[in-house]
file entry-v8.csv (CSV, C-alpha atoms and all ligand atoms)
chain,number,residue,atom,x,y,z
B,115,GLU,CA,-3.4,93.8,61.1
B,116,LEU,CA,-3.7,94.3,64.8
B,117,THR,CA,-0.7,95.7,66.6
B,118,PRO,CA,0.5,93.7,69.6
B,119,PRO,CA,-0.5,96.3,72.2
B,120,PHE,CA,-4.0,96.4,70.8
B,121,THR,CA,-4.3,92.6,71.0
B,122,MET,CA,-3.0,92.6,74.6
B,123,LYS,CA,-5.4,95.3,75.7
B,124,ASN,CA,-8.2,93.4,74.0
B,125,ASN,CA,-7.4,90.2,75.8
B,126,PHE,CA,-7.2,92.0,79.1
B,127,SER,CA,-10.7,93.4,78.7
B,128,LEU,CA,-12.0,90.0,77.8
B,129,ASN,CA,-10.5,88.5,80.8
B,130,ILE,CA,-12.0,90.9,83.3
B,131,LEU,CA,-15.4,91.0,81.7
B,132,PRO,CA,-16.8,88.0,83.5
B,133,TRP,CA,-15.7,89.5,86.9
B,134,VAL,CA,-17.3,92.8,86.1
B,135,LEU,CA,-20.5,91.0,85.2
B,136,ILE,CA,-20.5,88.9,88.4
B,137,ILE,CA,-19.9,92.0,90.5
B,138,CYS,CA,-22.8,93.8,88.8
B,139,LEU,CA,-25.1,90.9,89.1
B,140,SER,CA,-24.5,90.5,92.8
B,141,ALA,CA,-25.1,94.2,93.5
B,142,ASP,CA,-28.3,93.8,91.5
B,143,ALA,CA,-29.3,90.7,93.3
B,144,LEU,CA,-28.9,92.5,96.7
B,145,GLN,CA,-31.1,95.3,95.5
B,146,GLN,CA,-33.7,92.8,94.2
B,147,GLN,CA,-33.8,91.1,97.6
B,148,GLU,CA,-34.4,94.4,99.4
B,149,ALA,CA,-37.3,95.2,97.1
B,150,LEU,CA,-38.7,91.7,97.2
B,151,ALA,CA,-38.6,91.4,100.9
B,152,HIS,CA,-41.9,93.2,101.3
B,153,PRO,CA,-44.2,93.5,103.2
B,154,LEU,CA,-42.3,95.5,105.8
B,155,PHE,CA,-42.9,95.2,109.6
B,156,THR,CA,-42.0,97.1,112.7
B,157,LYS,CA,-39.8,95.6,115.4
B,158,SER,CA,-39.7,98.0,118.3
B,159,ARG,CA,-38.5,101.2,116.8
B,160,TRP,CA,-37.1,99.7,113.6
B,161,ILE,CA,-38.6,98.9,110.2
B,162,VAL,CA,-37.7,95.4,109.2
B,163,ASN,CA,-38.4,93.1,106.2
B,164,LYS,CA,-39.9,89.6,106.4
B,165,ASP,CA,-36.5,88.2,107.3
B,166,GLY,CA,-36.3,90.5,110.3
B,167,LYS,CA,-33.5,92.5,108.6
B,168,ARG,CA,-33.6,96.3,109.0
B,169,VAL,CA,-34.8,98.3,106.1
B,170,LYS,CA,-33.6,101.9,105.9
B,171,LEU,CA,-35.8,104.1,103.8
B,172,ALA,CA,-33.9,106.6,101.7
B,173,CYS,CA,-36.7,108.6,100.0
B,174,VAL,CA,-36.7,111.4,97.6
B,175,ASN,CA,-39.8,113.6,97.2
B,176,TRP,CA,-41.6,113.5,93.8
B,177,PRO,CA,-44.5,115.9,93.6
B,178,SER,CA,-47.7,114.9,91.9
B,179,HIS,CA,-50.0,117.2,93.8
B,180,LEU,CA,-49.7,120.3,91.7
B,181,GLN,CA,-52.5,121.6,89.4
B,182,PRO,CA,-52.0,119.1,86.5
B,183,VAL,CA,-52.0,116.2,89.1
B,184,LEU,CA,-49.3,114.4,87.2
B,185,ALA,CA,-45.9,113.5,88.6
B,186,GLU,CA,-43.7,116.4,87.7
B,187,GLY,CA,-41.0,116.1,85.0
B,188,LEU,CA,-42.8,113.6,82.6
B,189,SER,CA,-42.5,116.2,79.8
B,190,TRP,CA,-38.7,116.0,80.1
B,191,GLN,CA,-37.8,112.3,80.6
B,192,PRO,CA,-39.5,108.9,80.1
B,193,VAL,CA,-40.9,107.7,83.5
B,194,ASP,CA,-38.6,104.7,83.6
B,195,VAL,CA,-35.5,106.8,83.0
B,196,ILE,CA,-36.5,108.9,86.0
B,197,SER,CA,-37.3,105.9,88.2
B,198,ASN,CA,-34.0,104.3,87.2
B,199,LYS,CA,-32.1,107.5,87.9
B,200,ILE,CA,-33.6,107.7,91.4
B,201,ARG,CA,-32.5,104.2,92.1
B,202,SER,CA,-29.0,104.7,90.7
B,203,MET,CA,-28.5,107.8,92.8
B,204,GLY,CA,-28.8,105.6,95.9
B,205,PHE,CA,-32.4,106.2,96.9
B,206,ASN,CA,-34.7,103.2,97.5
B,207,CYS,CA,-37.9,105.1,98.0
B,208,VAL,CA,-40.0,107.9,96.8
B,209,ARG,CA,-42.4,110.1,98.8
B,210,LEU,CA,-45.0,110.5,96.0
B,211,THR,CA,-47.4,113.4,96.8
B,212,TRP,CA,-51.1,113.5,95.8
B,213,PRO,CA,-54.1,115.8,96.5
B,214,LEU,CA,-57.3,114.4,97.9
B,215,ALA,CA,-59.0,115.5,94.7
B,216,LEU,CA,-57.2,112.8,92.8
B,217,VAL,CA,-59.7,110.3,94.2
B,218,ASN,CA,-62.4,112.5,95.7
B,219,ASN,CA,-63.3,114.8,92.8
B,220,GLN,CA,-65.0,113.0,90.0
B,221,THR,CA,-64.1,115.6,87.4
B,222,ILE,CA,-60.4,115.2,88.3
B,223,SER,CA,-60.4,111.4,88.7
B,224,SER,CA,-61.9,110.9,85.3
B,225,MET,CA,-59.8,113.5,83.5
B,226,THR,CA,-57.1,112.3,81.1
B,227,VAL,CA,-53.6,113.7,81.4
B,228,GLU,CA,-54.0,115.4,78.0
B,229,ASN,CA,-57.2,117.2,79.1
B,230,SER,CA,-55.7,118.2,82.4
B,231,PHE,CA,-52.8,119.9,80.7
B,232,LYS,CA,-55.0,121.4,78.0
B,233,SER,CA,-57.4,122.8,80.6
B,234,LEU,CA,-54.4,124.6,82.2
B,235,GLY,CA,-53.1,125.9,78.9
B,236,LEU,CA,-49.8,123.9,79.4
B,237,HIS,CA,-49.3,123.3,75.7
B,238,LYS,CA,-45.5,123.2,75.8
B,239,SER,CA,-45.5,120.6,78.5
B,240,LEU,CA,-48.0,118.5,76.4
B,241,VAL,CA,-45.6,118.5,73.5
B,242,GLY,CA,-42.9,117.2,75.9
B,243,ILE,CA,-45.2,114.5,77.4
B,244,ARG,CA,-46.1,113.4,73.9
B,245,ALA,CA,-42.4,113.0,73.0
B,246,ASN,CA,-41.3,111.4,76.3
B,247,ASN,CA,-44.3,109.6,77.7
B,248,GLY,CA,-46.8,109.5,75.0
B,249,LYS,CA,-48.7,106.5,76.5
B,250,PHE,CA,-49.7,108.8,79.5
B,251,LEU,CA,-51.8,111.2,77.4
B,252,SER,CA,-54.9,109.1,77.2
B,253,MET,CA,-54.7,107.8,80.8
B,254,THR,CA,-56.9,109.2,83.5
B,255,LEU,CA,-55.0,111.0,86.3
B,256,PRO,CA,-55.4,108.0,88.7
B,257,GLN,CA,-54.2,105.6,86.0
B,258,ALA,CA,-51.2,107.9,85.4
B,259,PHE,CA,-50.4,108.0,89.1
B,260,LYS,CA,-50.6,104.1,89.3
B,261,ASN,CA,-48.3,103.9,86.3
B,262,VAL,CA,-45.6,106.1,88.0
B,263,VAL,CA,-45.9,103.8,91.0
B,264,SER,CA,-45.4,100.7,88.9
B,265,SER,CA,-42.5,102.2,87.1
B,266,LEU,CA,-40.9,102.8,90.5
B,267,GLY,CA,-41.6,99.2,91.5
B,268,ASN,CA,-40.0,97.9,88.3
B,269,ASN,CA,-36.9,99.8,89.3
B,270,ASN,CA,-36.9,98.5,92.9
B,271,VAL,CA,-38.1,101.8,94.4
B,272,MET,CA,-40.5,101.7,97.3
B,273,VAL,CA,-43.3,104.3,97.5
B,274,ILE,CA,-44.8,106.3,100.4
B,275,LEU,CA,-48.1,107.8,99.3
B,276,ASP,CA,-48.1,111.3,100.7
B,277,ASN,CA,-51.4,113.1,101.0
B,278,HIS,CA,-50.1,116.6,100.6
B,279,ILE,CA,-53.2,118.8,100.2
B,280,THR,CA,-56.9,118.7,99.3
B,281,THR,CA,-57.2,120.7,96.1
B,282,PRO,CA,-54.3,120.4,93.5
B,283,GLY,CA,-51.8,123.2,93.8
B,284,TRP,CA,-48.8,124.5,95.6
B,285,CYS,CA,-48.7,123.7,99.3
B,286,CYS,CA,-48.5,125.4,101.9
B,287,SER,CA,-49.4,128.6,103.6
B,288,LEU,CA,-50.9,129.3,107.0
B,289,LYS,CA,-54.1,130.6,105.4
B,290,ASP,CA,-54.8,128.1,102.5
B,291,GLY,CA,-57.6,126.4,104.4
B,292,ASN,CA,-55.7,123.1,104.1
B,293,GLY,CA,-53.7,123.3,107.4
B,294,TYR,CA,-55.8,121.6,110.0
B,295,PHE,CA,-58.8,119.3,110.6
B,296,GLY,CA,-61.9,121.4,110.1
B,297,ASP,CA,-60.3,124.2,108.1
B,298,LYS,CA,-62.2,125.3,105.0
B,299,ASP,CA,-60.6,122.7,102.6
B,300,PHE,CA,-59.8,120.0,105.3
B,301,ASP,CA,-62.9,118.1,106.1
B,302,PRO,CA,-61.8,115.1,108.2
B,303,LYS,CA,-64.5,112.9,106.6
B,304,LEU,CA,-63.4,113.6,103.1
B,305,TRP,CA,-59.8,113.2,104.2
B,306,ILE,CA,-60.5,109.7,105.5
B,307,GLN,CA,-62.5,108.9,102.4
B,308,GLY,CA,-59.5,109.9,100.2
B,309,LEU,CA,-57.0,108.0,102.3
B,310,SER,CA,-59.3,104.9,102.2
B,311,ARG,CA,-59.6,105.1,98.4
B,312,MET,CA,-55.9,105.4,97.9
B,313,ALA,CA,-55.3,102.5,100.4
B,314,THR,CA,-57.8,100.4,98.4
B,315,MET,CA,-56.3,101.3,95.1
B,316,PHE,CA,-52.8,100.2,96.2
B,317,LYS,CA,-53.8,97.2,98.3
B,318,GLY,CA,-51.6,94.4,97.0
B,319,THR,CA,-49.1,96.8,95.2
B,320,ARG,CA,-46.0,95.5,96.8
B,321,ASN,CA,-43.7,98.4,96.4
B,322,VAL,CA,-46.1,100.8,98.2
B,323,VAL,CA,-44.9,100.4,101.8
B,324,GLY,CA,-46.6,103.3,103.6
B,325,MET,CA,-48.6,106.4,103.6
B,326,SER,CA,-47.9,109.8,105.1
B,327,LEU,CA,-51.3,110.9,106.2
B,328,ARG,CA,-51.2,114.7,105.7
B,329,ASN,CA,-48.4,117.2,105.0
B,330,GLU,CA,-47.5,119.9,107.6
B,331,LEU,CA,-50.4,120.4,110.0
B,332,ARG,CA,-50.5,124.1,110.6
B,333,GLY,CA,-52.6,127.2,111.1
B,334,LYS,CA,-54.6,128.8,113.9
B,335,ASN,CA,-56.6,125.7,114.8
B,336,VAL,CA,-53.5,123.6,115.6
B,337,ASN,CA,-53.9,122.2,119.2
B,338,VAL,CA,-50.8,120.1,119.7
B,339,GLY,CA,-51.0,121.0,123.4
B,340,LEU,CA,-54.1,118.7,123.7
B,341,TRP,CA,-52.4,115.7,122.1
B,342,TYR,CA,-50.2,114.9,125.1
B,343,LYS,CA,-52.9,115.0,127.9
B,401,LIG,C1,-63.5,119.4,91.2
B,401,LIG,O1,-62.5,119.7,90.2
B,401,LIG,C2,-63.0,120.7,89.3
B,401,LIG,C3,-61.8,120.8,88.3
B,401,LIG,O2,-60.7,121.3,88.8
B,401,LIG,C4,-63.3,122.0,90.0
B,401,LIG,O3,-63.8,122.9,89.0
B,401,LIG,C5,-64.4,121.7,91.0
B,401,LIG,O4,-64.7,122.9,91.7
B,401,LIG,C6,-64.0,120.6,91.9
B,401,LIG,N1,-65.1,120.2,92.8
B,401,LIG,C7,-65.0,120.3,94.1
B,401,LIG,C8,-66.2,119.8,94.9
B,401,LIG,O5,-64.0,120.7,94.7
call {"tool": "encode", "arguments": {"input": "entry-v8.csv", "output": "structure tokens"}}
result
Amino acid sequence: ELTPPFTMKNNFSLNILPWVLIICLSADALQQQEALAHPLFTKSRWIVNKDGKRVKLACVNWPSHLQPVLAEGLSWQPVDVISNKIRSMGFNCVRLTWPLALVNNQTISSMTVENSFKSLGLHKSLVGIRANNGKFLSMTLPQAFKNVVSSLGNNNVMVILDNHITTPGWCCSLKDGNGYFGDKDFDPKLWIQGLSRMATMFKGTRNVVGMSLRNELRGKNVNVGLWYK
């Protein structure tokens, strides 16, 4: 037997349920609109969508330029859980970092995620990836990168491809040979080649809205003074 208070409470919940649903759906529809309004354009100093409405990027950094060349954290949570979490925290964009080697070094661009982690002796992380993102293990590193981008797209998150460094690893120091055009590991020709390959790879991927061309120009060869002549 239901006691009267329980019944009342139950009726109340049932009555507000449609409203809760409608409110959730409208918020969702707004987010969808934002994401579907690509490509983006510039209008004077503003970024606007195809309807001329301003789009404000709220990006979080997600590193994928370290030694394994896989977006960090995939040994801890399924990629869609992370993408969804990013969106639900109020971000609409990820600055996804990558090293030139991802597309310029044949050994790296043909390596599977599993072999990348094995070659670095990261066995504990491999166990985590198997548990949380098993499908990634057999993907090549570029395939895995693309998969992270589509997971973000499926969760209405835009992506800025950020060329962070040439060789996978921590960035940056003043003496790492990655700081400025012509430094040991910063050949402008290979840099353009890498950017072109990434641009080609993501041509037509609607949630990729931009590229940041290189992280933190620095070092003894910097010549900012000349830029403003
Ligand atoms: C390409 O990557 C492999 C694996 O990390 C490395 O041993 C090799 O030196 C790299 N090649 C070039 C030209 O940087």
call {"tool": "closest_residue", "arguments": {"input": "entry-v8.csv", "among": "B:Asp276, B:Asp301, B:Asp194, B:Glu186", "to": "ligand LIG 401 (chain B)", "atoms": "all atoms listed in the file"}}
result
B:Asp301
call {"tool": "residues_near_ligand", "arguments": {"input": "entry-v8.csv", "ligand": "ligand LIG 401 (chain B)", "cutoff": "10 Å", "atoms": "only C-alpha atoms and all ligand atoms", "output": "list in words"}}
result
Gln181, Pro182, Leu214, Ala215, Leu216, Asn218, Asn219, Gln220, Thr221, Ile222, Ser223, Met225, Ser230, Ser233, Leu234, Thr280, Thr281, Pro282 and Asp299 of chain B
call {"tool": "write_last_selection", "arguments": {"input": "entry-v8.csv", "atoms": "C-alpha atoms", "output": "PDB file, keeping the file's coordinate frame"}}
result
ATOM      1  CA  GLN B 181     -52.500 121.600  89.400  1.00  0.00           C
ATOM      2  CA  PRO B 182     -52.000 119.100  86.500  1.00  0.00           C
ATOM      3  CA  LEU B 214     -57.300 114.400  97.900  1.00  0.00           C
ATOM      4  CA  ALA B 215     -59.000 115.500  94.700  1.00  0.00           C
ATOM      5  CA  LEU B 216     -57.200 112.800  92.800  1.00  0.00           C
ATOM      6  CA  ASN B 218     -62.400 112.500  95.700  1.00  0.00           C
ATOM      7  CA  ASN B 219     -63.300 114.800  92.800  1.00  0.00           C
ATOM      8  CA  GLN B 220     -65.000 113.000  90.000  1.00  0.00           C
ATOM      9  CA  THR B 221     -64.100 115.600  87.400  1.00  0.00           C
ATOM     10  CA  ILE B 222     -60.400 115.200  88.300  1.00  0.00           C
ATOM     11  CA  SER B 223     -60.400 111.400  88.700  1.00  0.00           C
ATOM     12  CA  MET B 225     -59.800 113.500  83.500  1.00  0.00           C
ATOM     13  CA  SER B 230     -55.700 118.200  82.400  1.00  0.00           C
ATOM     14  CA  SER B 233     -57.400 122.800  80.600  1.00  0.00           C
ATOM     15  CA  LEU B 234     -54.400 124.600  82.200  1.00  0.00           C
ATOM     16  CA  THR B 280     -56.900 118.700  99.300  1.00  0.00           C
ATOM     17  CA  THR B 281     -57.200 120.700  96.100  1.00  0.00           C
ATOM     18  CA  PRO B 282     -54.300 120.400  93.500  1.00  0.00           C
ATOM     19  CA  ASP B 299     -60.600 122.700 102.600  1.00  0.00           C
TER      20      ASP B 299
END
call {"tool": "atom_distance", "arguments": {"input": "entry-v8.csv", "atom1": "atom CA of Ile196 of chain B", "atom2": "atom CA of Ser264 of chain B"}}
result
12.4 Å
call {"tool": "residues_near_point", "arguments": {"input": "entry-v8.csv", "point": "(-47.2, 116.7, 89.5)", "cutoff": "10 Å", "atoms": "all atoms listed in the file", "output": "NGL selection string"}}
result
:B and (176-188 or 210-213 or 259 or 282-283)
call {"tool": "residues_around", "arguments": {"input": "entry-v8.csv", "residues": "Gly204 of chain B", "least_positions_apart": "3", "cutoff": "8 Å", "atoms": "all atoms listed in the file", "output": "list in words"}}
result
Ala172, Ile200 and Arg201 of chain B
call {"tool": "residues_around", "arguments": {"input": "entry-v8.csv", "residues": "Leu240 of chain B", "least_positions_apart": "2", "cutoff": "9 Å", "atoms": "all atoms listed in the file", "output": "list in words"}}
result
Ser189, Val227, Glu228, Phe231, Lys232, Leu236, His237, Lys238, Gly242, Ile243, Arg244, Ala245 and Leu251 of chain B
call {"tool": "closest_residue", "arguments": {"input": "entry-v8.csv", "among": "B:Ala313, B:Val241, B:Val338, B:Leu331", "to": "Cys286 of chain B", "atoms": "only C-alpha atoms"}}
result
B:Leu331
call {"tool": "atom_distance", "arguments": {"input": "entry-v8.csv", "atom1": "atom CA of Ser224 of chain B", "atom2": "atom CA of Met253 of chain B"}}
result
9.0 Å
call {"tool": "closest_residue", "arguments": {"input": "entry-v8.csv", "among": "B:Val322, B:Cys285, B:Cys173, B:Ser252", "to": "Asn268 of chain B", "atoms": "all atoms listed in the file"}}
result
B:Val322
call {"tool": "atom_distance", "arguments": {"input": "entry-v8.csv", "atom1": "atom CA of Gly166 of chain B", "atom2": "atom CA of Arg328 of chain B"}}
result
28.8 Å
call {"tool": "closest_residue", "arguments": {"input": "entry-v8.csv", "among": "B:Lys249, B:Lys303, B:His278, B:Lys289", "to": "Val193 of chain B", "atoms": "only C-alpha atoms"}}
result
B:Lys249
call {"tool": "decode", "arguments": {"input": "entry-v8.csv", "residues": "segment 159-202 of chain B", "atoms": "C-alpha atoms", "output": "mmCIF file, in the first residue's frame"}}
result
data_model
loop_
_atom_site.group_PDB
_atom_site.id
_atom_site.type_symbol
_atom_site.label_atom_id
_atom_site.label_comp_id
_atom_site.auth_asym_id
_atom_site.auth_seq_id
_atom_site.Cartn_x
_atom_site.Cartn_y
_atom_site.Cartn_z
ATOM 1 C CA ARG B 159 37.991 41.400 -35.025
ATOM 2 C CA TRP B 160 35.278 38.856 -34.225
ATOM 3 C CA ILE B 161 34.845 35.161 -34.924
ATOM 4 C CA VAL B 162 31.325 34.557 -36.252
ATOM 5 C CA ASN B 163 29.332 31.554 -37.460
ATOM 6 C CA LYS B 164 27.556 31.285 -40.789
ATOM 7 C CA ASP B 165 24.619 33.278 -39.420
ATOM 8 C CA GLY B 166 26.926 36.140 -38.490
ATOM 9 C CA LYS B 167 26.534 35.393 -34.751
ATOM 10 C CA ARG B 168 29.612 35.740 -32.575
ATOM 11 C CA VAL B 169 31.266 32.493 -31.480
ATOM 12 C CA LYS B 170 33.406 32.673 -28.384
ATOM 13 C CA LEU B 171 35.955 29.923 -28.065
ATOM 14 C CA ALA B 172 36.343 28.517 -24.577
ATOM 15 C CA CYS B 173 39.172 26.041 -25.053
ATOM 16 C CA VAL B 174 40.891 23.652 -22.722
ATOM 17 C CA ASN B 175 44.332 22.246 -23.522
ATOM 18 C CA TRP B 176 44.569 18.502 -24.164
ATOM 19 C CA PRO B 177 48.145 17.331 -24.716
ATOM 20 C CA SER B 178 48.870 14.746 -27.388
ATOM 21 C CA HIS B 179 52.470 15.754 -28.142
ATOM 22 C CA LEU B 180 54.278 13.764 -25.439
ATOM 23 C CA GLN B 181 56.405 10.669 -26.113
ATOM 24 C CA PRO B 182 53.517 8.202 -26.667
ATOM 25 C CA VAL B 183 51.812 10.687 -29.113
ATOM 26 C CA LEU B 184 48.393 9.769 -27.758
ATOM 27 C CA ALA B 185 46.010 12.185 -26.055
ATOM 28 C CA GLU B 186 46.826 11.967 -22.360
ATOM 29 C CA GLY B 187 44.433 10.243 -19.992
ATOM 30 C CA LEU B 188 43.050 7.493 -22.214
ATOM 31 C CA SER B 189 44.345 4.925 -19.748
ATOM 32 C CA TRP B 190 42.019 6.428 -17.130
ATOM 33 C CA GLN B 191 38.678 7.178 -18.831
ATOM 34 C CA PRO B 192 36.893 6.298 -22.086
ATOM 35 C CA VAL B 193 37.494 8.994 -24.682
ATOM 36 C CA ASP B 194 33.784 9.864 -24.906
ATOM 37 C CA VAL B 195 33.552 10.305 -21.149
ATOM 38 C CA ILE B 196 36.421 12.805 -21.296
ATOM 39 C CA SER B 197 34.920 14.661 -24.294
ATOM 40 C CA ASN B 198 31.538 14.810 -22.639
ATOM 41 C CA LYS B 199 33.084 16.017 -19.393
ATOM 42 C CA ILE B 200 34.891 18.815 -21.243
ATOM 43 C CA ARG B 201 31.597 19.962 -22.767
ATOM 44 C CA SER B 202 29.671 19.672 -19.516
#
